[in-house]
file final.txt (compact mmCIF, N, CA and C atoms)
# COMPACT_ATOMS: atom_id res chain seq x y z
N LEU A 1 0.83 -1.19 0.00
CA LEU A 1 0.00 0.00 0.00
C LEU A 1 0.87 1.24 0.00
N PHE A 2 0.38 2.28 -0.60
CA PHE A 2 1.13 3.51 -0.77
C PHE A 2 0.81 4.55 0.31
N ASP A 3 -0.13 4.30 1.15
CA ASP A 3 -0.57 5.30 2.13
C ASP A 3 0.59 5.89 2.91
N PRO A 4 0.51 7.19 3.21
CA PRO A 4 1.53 7.80 4.08
C PRO A 4 1.52 7.12 5.45
N ILE A 5 2.66 7.09 6.08
CA ILE A 5 2.78 6.41 7.38
C ILE A 5 1.81 7.00 8.40
N LYS A 6 1.51 8.30 8.30
CA LYS A 6 0.63 8.90 9.29
C LYS A 6 -0.75 8.24 9.28
N ILE A 7 -1.22 7.78 8.14
CA ILE A 7 -2.53 7.10 8.11
C ILE A 7 -2.45 5.81 8.92
N HIS A 8 -1.38 5.07 8.77
CA HIS A 8 -1.22 3.83 9.55
C HIS A 8 -1.07 4.15 11.04
N GLU A 9 -0.42 5.25 11.36
CA GLU A 9 -0.28 5.65 12.77
C GLU A 9 -1.64 6.01 13.36
N TYR A 10 -2.45 6.76 12.62
CA TYR A 10 -3.80 7.09 13.10
C TYR A 10 -4.59 5.82 13.34
N MET A 11 -4.49 4.89 12.38
CA MET A 11 -5.22 3.63 12.51
C MET A 11 -4.76 2.86 13.74
N ALA A 12 -3.45 2.75 13.94
CA ALA A 12 -2.92 2.01 15.09
C ALA A 12 -3.37 2.62 16.41
N CYS A 13 -3.62 3.92 16.41
CA CYS A 13 -4.11 4.61 17.60
C CYS A 13 -5.62 4.47 17.76
N GLY A 14 -6.26 3.78 16.84
CA GLY A 14 -7.70 3.57 16.93
C GLY A 14 -8.51 4.78 16.53
N LYS A 15 -7.99 5.57 15.61
CA LYS A 15 -8.67 6.79 15.19
C LYS A 15 -9.29 6.62 13.81
N PRO A 16 -10.57 6.94 13.66
CA PRO A 16 -11.13 7.02 12.31
C PRO A 16 -10.51 8.24 11.63
N THR A 17 -10.42 8.21 10.33
CA THR A 17 -9.71 9.26 9.61
C THR A 17 -10.55 9.83 8.49
N VAL A 18 -10.47 11.12 8.31
CA VAL A 18 -11.10 11.79 7.18
C VAL A 18 -9.98 12.18 6.23
N THR A 19 -10.13 11.83 4.96
CA THR A 19 -9.14 12.17 3.96
C THR A 19 -9.83 12.46 2.63
N ILE A 20 -9.10 13.08 1.74
CA ILE A 20 -9.68 13.37 0.43
C ILE A 20 -9.59 12.13 -0.46
N ARG A 21 -10.50 12.08 -1.43
CA ARG A 21 -10.44 11.01 -2.43
C ARG A 21 -9.29 11.32 -3.37
N GLN A 22 -8.34 10.41 -3.40
CA GLN A 22 -7.20 10.55 -4.29
C GLN A 22 -6.67 9.16 -4.58
N ARG A 23 -6.29 8.93 -5.80
CA ARG A 23 -5.80 7.61 -6.19
C ARG A 23 -4.68 7.15 -5.25
N PHE A 24 -4.78 5.97 -4.76
CA PHE A 24 -3.82 5.31 -3.88
C PHE A 24 -3.78 5.88 -2.47
N LEU A 25 -4.59 6.84 -2.14
CA LEU A 25 -4.59 7.40 -0.79
C LEU A 25 -5.74 6.78 -0.01
N GLY A 26 -5.44 6.22 1.13
CA GLY A 26 -6.47 5.67 1.99
C GLY A 26 -6.84 4.23 1.72
N GLU A 27 -5.98 3.50 1.03
CA GLU A 27 -6.30 2.10 0.76
C GLU A 27 -6.44 1.29 2.05
N ALA A 28 -5.59 1.56 3.03
CA ALA A 28 -5.70 0.85 4.31
C ALA A 28 -6.98 1.24 5.03
N LEU A 29 -7.38 2.50 4.92
CA LEU A 29 -8.63 2.95 5.54
C LEU A 29 -9.82 2.24 4.90
N ALA A 30 -9.78 2.13 3.59
CA ALA A 30 -10.87 1.45 2.89
C ALA A 30 -10.90 -0.03 3.27
N GLU A 31 -9.73 -0.64 3.38
CA GLU A 31 -9.64 -2.05 3.78
C GLU A 31 -10.30 -2.27 5.14
N ALA A 32 -10.08 -1.34 6.06
CA ALA A 32 -10.61 -1.46 7.42
C ALA A 32 -11.99 -0.83 7.56
N ASP A 33 -12.49 -0.20 6.52
CA ASP A 33 -13.74 0.56 6.59
C ASP A 33 -13.68 1.51 7.80
N SER A 34 -12.59 2.27 7.85
CA SER A 34 -12.36 3.14 9.01
C SER A 34 -12.06 4.58 8.62
N GLY A 35 -12.50 4.96 7.43
CA GLY A 35 -12.25 6.32 7.00
C GLY A 35 -13.43 6.91 6.26
N VAL A 36 -13.46 8.23 6.25
CA VAL A 36 -14.44 8.96 5.46
C VAL A 36 -13.66 9.66 4.35
N PHE A 37 -14.09 9.47 3.12
CA PHE A 37 -13.41 10.05 1.97
C PHE A 37 -14.26 11.20 1.43
N THR A 38 -13.59 12.33 1.19
CA THR A 38 -14.30 13.53 0.75
C THR A 38 -13.69 14.05 -0.54
N ASP A 39 -14.42 14.96 -1.16
CA ASP A 39 -13.86 15.71 -2.28
C ASP A 39 -12.77 16.62 -1.73
N PRO A 40 -11.82 17.02 -2.58
CA PRO A 40 -10.69 17.83 -2.11
C PRO A 40 -10.99 19.32 -1.98
N THR A 41 -12.04 19.64 -1.24
CA THR A 41 -12.36 21.05 -0.98
C THR A 41 -12.49 21.23 0.53
N PRO A 42 -12.20 22.41 1.04
CA PRO A 42 -12.35 22.64 2.48
C PRO A 42 -13.77 22.36 2.97
N GLU A 43 -14.76 22.73 2.17
CA GLU A 43 -16.16 22.52 2.58
C GLU A 43 -16.48 21.03 2.69
N ALA A 44 -16.05 20.26 1.71
CA ALA A 44 -16.33 18.81 1.73
C ALA A 44 -15.59 18.15 2.89
N PHE A 45 -14.36 18.57 3.13
CA PHE A 45 -13.59 18.00 4.24
C PHE A 45 -14.27 18.31 5.57
N ALA A 46 -14.74 19.53 5.73
CA ALA A 46 -15.45 19.92 6.96
C ALA A 46 -16.71 19.09 7.13
N ARG A 47 -17.44 18.85 6.05
CA ARG A 47 -18.65 18.01 6.13
C ARG A 47 -18.27 16.59 6.57
N GLY A 48 -17.15 16.08 6.07
CA GLY A 48 -16.70 14.75 6.47
C GLY A 48 -16.39 14.68 7.96
N LEU A 49 -15.73 15.70 8.47
CA LEU A 49 -15.44 15.76 9.91
C LEU A 49 -16.73 15.81 10.72
N LEU A 50 -17.65 16.68 10.31
CA LEU A 50 -18.92 16.79 11.04
C LEU A 50 -19.72 15.50 10.99
N GLU A 51 -19.68 14.83 9.85
CA GLU A 51 -20.37 13.54 9.71
C GLU A 51 -19.91 12.57 10.79
N LEU A 52 -18.62 12.51 11.02
CA LEU A 52 -18.10 11.62 12.05
C LEU A 52 -18.43 12.12 13.46
N LEU A 53 -18.21 13.39 13.70
CA LEU A 53 -18.43 13.93 15.04
C LEU A 53 -19.88 13.78 15.50
N GLU A 54 -20.80 13.75 14.56
CA GLU A 54 -22.22 13.60 14.89
C GLU A 54 -22.62 12.15 15.13
N GLN A 55 -21.67 11.21 14.96
CA GLN A 55 -21.96 9.78 15.12
C GLN A 55 -20.88 9.12 15.99
N PRO A 56 -20.89 9.39 17.28
CA PRO A 56 -19.83 8.87 18.15
C PRO A 56 -19.73 7.34 18.16
N GLU A 57 -20.85 6.65 18.06
CA GLU A 57 -20.79 5.19 18.04
C GLU A 57 -20.09 4.70 16.78
N ARG A 58 -20.35 5.35 15.68
CA ARG A 58 -19.69 4.99 14.42
C ARG A 58 -18.19 5.27 14.52
N MET A 59 -17.82 6.39 15.12
CA MET A 59 -16.41 6.72 15.31
C MET A 59 -15.71 5.64 16.12
N THR A 60 -16.34 5.20 17.18
CA THR A 60 -15.76 4.17 18.04
C THR A 60 -15.55 2.88 17.27
N GLU A 61 -16.54 2.47 16.52
CA GLU A 61 -16.44 1.22 15.75
C GLU A 61 -15.39 1.34 14.65
N MET A 62 -15.35 2.47 13.97
CA MET A 62 -14.35 2.67 12.92
C MET A 62 -12.95 2.64 13.53
N GLY A 63 -12.79 3.24 14.69
CA GLY A 63 -11.50 3.24 15.36
C GLY A 63 -11.07 1.85 15.77
N ARG A 64 -12.02 1.06 16.24
CA ARG A 64 -11.72 -0.33 16.62
C ARG A 64 -11.23 -1.12 15.42
N ARG A 65 -11.97 -0.99 14.29
CA ARG A 65 -11.56 -1.71 13.07
C ARG A 65 -10.21 -1.22 12.57
N ALA A 66 -9.98 0.08 12.65
CA ALA A 66 -8.70 0.65 12.19
C ALA A 66 -7.54 0.04 12.97
N ALA A 67 -7.67 0.01 14.29
CA ALA A 67 -6.58 -0.53 15.12
C ALA A 67 -6.37 -2.01 14.84
N GLU A 68 -7.44 -2.74 14.70
CA GLU A 68 -7.32 -4.18 14.44
C GLU A 68 -6.56 -4.44 13.14
N VAL A 69 -6.93 -3.74 12.08
CA VAL A 69 -6.27 -3.94 10.79
C VAL A 69 -4.82 -3.46 10.85
N ALA A 70 -4.60 -2.29 11.42
CA ALA A 70 -3.23 -1.74 11.47
C ALA A 70 -2.30 -2.63 12.27
N LEU A 71 -2.78 -3.14 13.40
CA LEU A 71 -1.91 -3.90 14.29
C LEU A 71 -1.73 -5.35 13.87
N THR A 72 -2.51 -5.80 12.88
CA THR A 72 -2.33 -7.17 12.39
C THR A 72 -1.77 -7.23 10.98
N ARG A 73 -2.04 -6.21 10.17
CA ARG A 73 -1.62 -6.29 8.76
C ARG A 73 -0.65 -5.21 8.30
N HIS A 74 -0.51 -4.15 9.08
CA HIS A 74 0.30 -3.02 8.61
C HIS A 74 1.39 -2.63 9.60
N THR A 75 2.00 -3.62 10.21
CA THR A 75 3.11 -3.37 11.12
C THR A 75 4.42 -3.43 10.33
N TRP A 76 5.50 -2.96 10.94
CA TRP A 76 6.80 -3.07 10.28
C TRP A 76 7.16 -4.53 10.08
N GLU A 77 6.76 -5.37 11.01
CA GLU A 77 7.02 -6.81 10.86
C GLU A 77 6.31 -7.36 9.63
N ALA A 78 5.06 -6.97 9.44
CA ALA A 78 4.32 -7.42 8.26
C ALA A 78 4.96 -6.92 6.97
N VAL A 79 5.44 -5.68 6.98
CA VAL A 79 6.14 -5.12 5.82
C VAL A 79 7.39 -5.93 5.53
N ALA A 80 8.19 -6.21 6.57
CA ALA A 80 9.43 -6.97 6.39
C ALA A 80 9.15 -8.37 5.86
N GLN A 81 8.11 -9.00 6.37
CA GLN A 81 7.77 -10.34 5.89
C GLN A 81 7.31 -10.30 4.44
N GLY A 82 6.59 -9.25 4.06
CA GLY A 82 6.18 -9.11 2.67
C GLY A 82 7.37 -8.94 1.75
N ILE A 83 8.33 -8.13 2.17
CA ILE A 83 9.55 -7.95 1.38
C ILE A 83 10.32 -9.26 1.29
N ALA A 84 10.41 -9.97 2.41
CA ALA A 84 11.12 -11.25 2.42
C ALA A 84 10.46 -12.24 1.46
N ARG A 85 9.13 -12.27 1.43
CA ARG A 85 8.43 -13.18 0.51
C ARG A 85 8.78 -12.85 -0.93
N VAL A 86 8.80 -11.56 -1.26
CA VAL A 86 9.13 -11.14 -2.62
C VAL A 86 10.55 -11.57 -2.97
N CYS A 87 11.44 -11.49 -1.98
CA CYS A 87 12.85 -11.84 -2.22
C CYS A 87 13.10 -13.35 -2.08
N GLY A 88 12.09 -14.10 -1.69
CA GLY A 88 12.26 -15.54 -1.54
C GLY A 88 12.94 -15.95 -0.25
N ALA A 89 12.95 -15.06 0.73
CA ALA A 89 13.58 -15.36 2.02
C ALA A 89 12.52 -15.77 3.02
N ASP A 90 12.95 -16.40 4.08
CA ASP A 90 12.06 -16.80 5.17
C ASP A 90 12.61 -16.17 6.45
N ILE A 91 11.86 -15.23 7.02
CA ILE A 91 12.32 -14.60 8.27
C ILE A 91 11.42 -15.04 9.40
N GLN A 92 12.01 -15.14 10.55
CA GLN A 92 11.30 -15.53 11.76
C GLN A 92 11.12 -14.33 12.65
N ASN A 93 10.10 -14.37 13.51
CA ASN A 93 9.85 -13.27 14.45
C ASN A 93 10.96 -13.15 15.45

call {"tool": "encode", "arguments": {"input": "final.txt", "output": "structure tokens"}}
result
Amino acid sequence: LFDPIKIHEYMACGKPTVTIRQRFLGEALAEADSGVFTDPTPEAFARGLLELLEQPERMTEMGRRAAEVALTRHTWEAVAQGIARVCGADIQN
């Protein structure tokens, strides 16, 4: 995935995230169903934030899913193992 590290950090902290719709941005959020995607305008971004703030139960659930996905699939260990697989190596924890 191409997502900036900050998205994975937000996810690991159990935070739902609002981001703009952009190719390759937010793939991990989409995988975890833990993000709100908006058009790239200040007004649309503000609406995305308000949408979440008005639904605290949804925020909590999105944060739970974000942390679960980040801490099981998007750790440095998972990245290293993926690289090792591509290189044909076998690494142990």

call {"tool": "closest_atom_pairs", "arguments": {"input": "final.txt", "of": "range 14-34 of chain A", "to": "range 70-79 of chain A", "cutoff": "9 Å", "atoms": "only C-alpha atoms", "output": "tab-separated table"}}
result
residue	atom	partner	partner_atom	distance
A:Gly14	CA	A:Ala70	CA	8.8
A:Ala28	CA	A:Ala70	CA	8.0
A:Ala32	CA	A:Ala70	CA	8.4

call {"tool": "closest_residue", "arguments": {"input": "final.txt", "among": "A:Ala66, A:Leu52, A:Leu25, A:Ile20", "to": "Phe37 in chain A", "atoms": "only N, CA and C atoms"}}
result
A:Ile20

call {"tool": "select_by_dssp", "arguments": {"input": "final.txt", "residues": "chain A", "states": "strand (DSSP E)", "output": "PyMOL selection string"}}
result
chain A and resi 17-20+35-38

call {"tool": "atom_distance", "arguments": {"input": "final.txt", "atom1": "atom C of Glu51 in chain A", "atom2": "CA of Val36 in chain A"}}
result
8.4 Å

call {"tool": "residues_around", "arguments": {"input": "final.txt", "residues": "range 40-49 of chain A", "least_positions_apart": "4", "cutoff": "12 Å", "atoms": "only C-alpha atoms", "output": "PyMOL selection string"}}
result
chain A and resi 16-22+35-36+53-56+59

call {"tool": "write_last_selection", "arguments": {"input": "final.txt", "atoms": "N, CA and C atoms", "output": "JSON list (two decimals), keeping the file's coordinate frame"}}
result
[["chain", "number", "residue", "atom", "x", "y", "z"],
["A", 16, "PRO", "N", -10.57, 6.94, 13.66],
["A", 16, "PRO", "CA", -11.13, 7.02, 12.31],
["A", 16, "PRO", "C", -10.51, 8.24, 11.63],
["A", 17, "THR", "N", -10.42, 8.21, 10.33],
["A", 17, "THR", "CA", -9.71, 9.26, 9.61],
["A", 17, "THR", "C", -10.55, 9.83, 8.49],
["A", 18, "VAL", "N", -10.47, 11.12, 8.31],
["A", 18, "VAL", "CA", -11.10, 11.79, 7.18],
["A", 18, "VAL", "C", -9.98, 12.18, 6.23],
["A", 19, "THR", "N", -10.13, 11.83, 4.96],
["A", 19, "THR", "CA", -9.14, 12.17, 3.96],
["A", 19, "THR", "C", -9.83, 12.46, 2.63],
["A", 20, "ILE", "N", -9.10, 13.08, 1.74],
["A", 20, "ILE", "CA", -9.68, 13.37, 0.43],
["A", 20, "ILE", "C", -9.59, 12.13, -0.46],
["A", 21, "ARG", "N", -10.50, 12.08, -1.43],
["A", 21, "ARG", "CA", -10.44, 11.01, -2.43],
["A", 21, "ARG", "C", -9.29, 11.32, -3.37],
["A", 22, "GLN", "N", -8.34, 10.41, -3.40],
["A", 22, "GLN", "CA", -7.20, 10.55, -4.29],
["A", 22, "GLN", "C", -6.67, 9.16, -4.58],
["A", 35, "GLY", "N", -12.50, 4.96, 7.43],
["A", 35, "GLY", "CA", -12.25, 6.32, 7.00],
["A", 35, "GLY", "C", -13.43, 6.91, 6.26],
["A", 36, "VAL", "N", -13.46, 8.23, 6.25],
["A", 36, "VAL", "CA", -14.44, 8.96, 5.46],
["A", 36, "VAL", "C", -13.66, 9.66, 4.35],
["A", 53, "LEU", "N", -18.21, 13.39, 13.70],
["A", 53, "LEU", "CA", -18.43, 13.93, 15.04],
["A", 53, "LEU", "C", -19.88, 13.78, 15.50],
["A", 54, "GLU", "N", -20.80, 13.75, 14.56],
["A", 54, "GLU", "CA", -22.22, 13.60, 14.89],
["A", 54, "GLU", "C", -22.62, 12.15, 15.13],
["A", 55, "GLN", "N", -21.67, 11.21, 14.96],
["A", 55, "GLN", "CA", -21.96, 9.78, 15.12],
["A", 55, "GLN", "C", -20.88, 9.12, 15.99],
["A", 56, "PRO", "N", -20.89, 9.39, 17.28],
["A", 56, "PRO", "CA", -19.83, 8.87, 18.15],
["A", 56, "PRO", "C", -19.73, 7.34, 18.16],
["A", 59, "MET", "N", -17.82, 6.39, 15.12],
["A", 59, "MET", "CA", -16.41, 6.72, 15.31],
["A", 59, "MET", "C", -15.71, 5.64, 16.12]]

call {"tool": "closest_residue", "arguments": {"input": "final.txt", "among": "A:Ala84, A:Glu57, A:Met11, A:Lys6", "to": "Ala30 in chain A", "atoms": "only C-alpha atoms"}}
result
A:Met11

call {"tool": "atom_distance", "arguments": {"input": "final.txt", "atom1": "CA of Tyr10 in chain A", "atom2": "atom C of Arg85 in chain A"}}
result
27.4 Å

call {"tool": "atom_distance", "arguments": {"input": "final.txt", "atom1": "atom N of Gly82 in chain A", "atom2": "CA of Met62 in chain A"}}
result
25.7 Å

call {"tool": "select_by_dssp", "arguments": {"input": "final.txt", "residues": "chain A", "states": "alpha helix (DSSP H)", "output": "ChimeraX atom specification"}}
result
/A:5-12,27-32,42-53,56-73,76-87

call {"tool": "axis_aligned_box", "arguments": {"input": "final.txt", "around": "range 4-12 of chain A", "padding_each_side": "8 Å", "output": "lines of an AutoDock Vina configuration file"}}
result
center_x = -1.2
center_y = 5.5
center_z = 9.8
size_x = 24.0
size_y = 22.9
size_z = 29.2

call {"tool": "closest_residue", "arguments": {"input": "final.txt", "among": "A:Ala89, A:Val69, A:Leu50, A:Ile7", "to": "Glu31 in chain A", "atoms": "all atoms listed in the file"}}
result
A:Val69
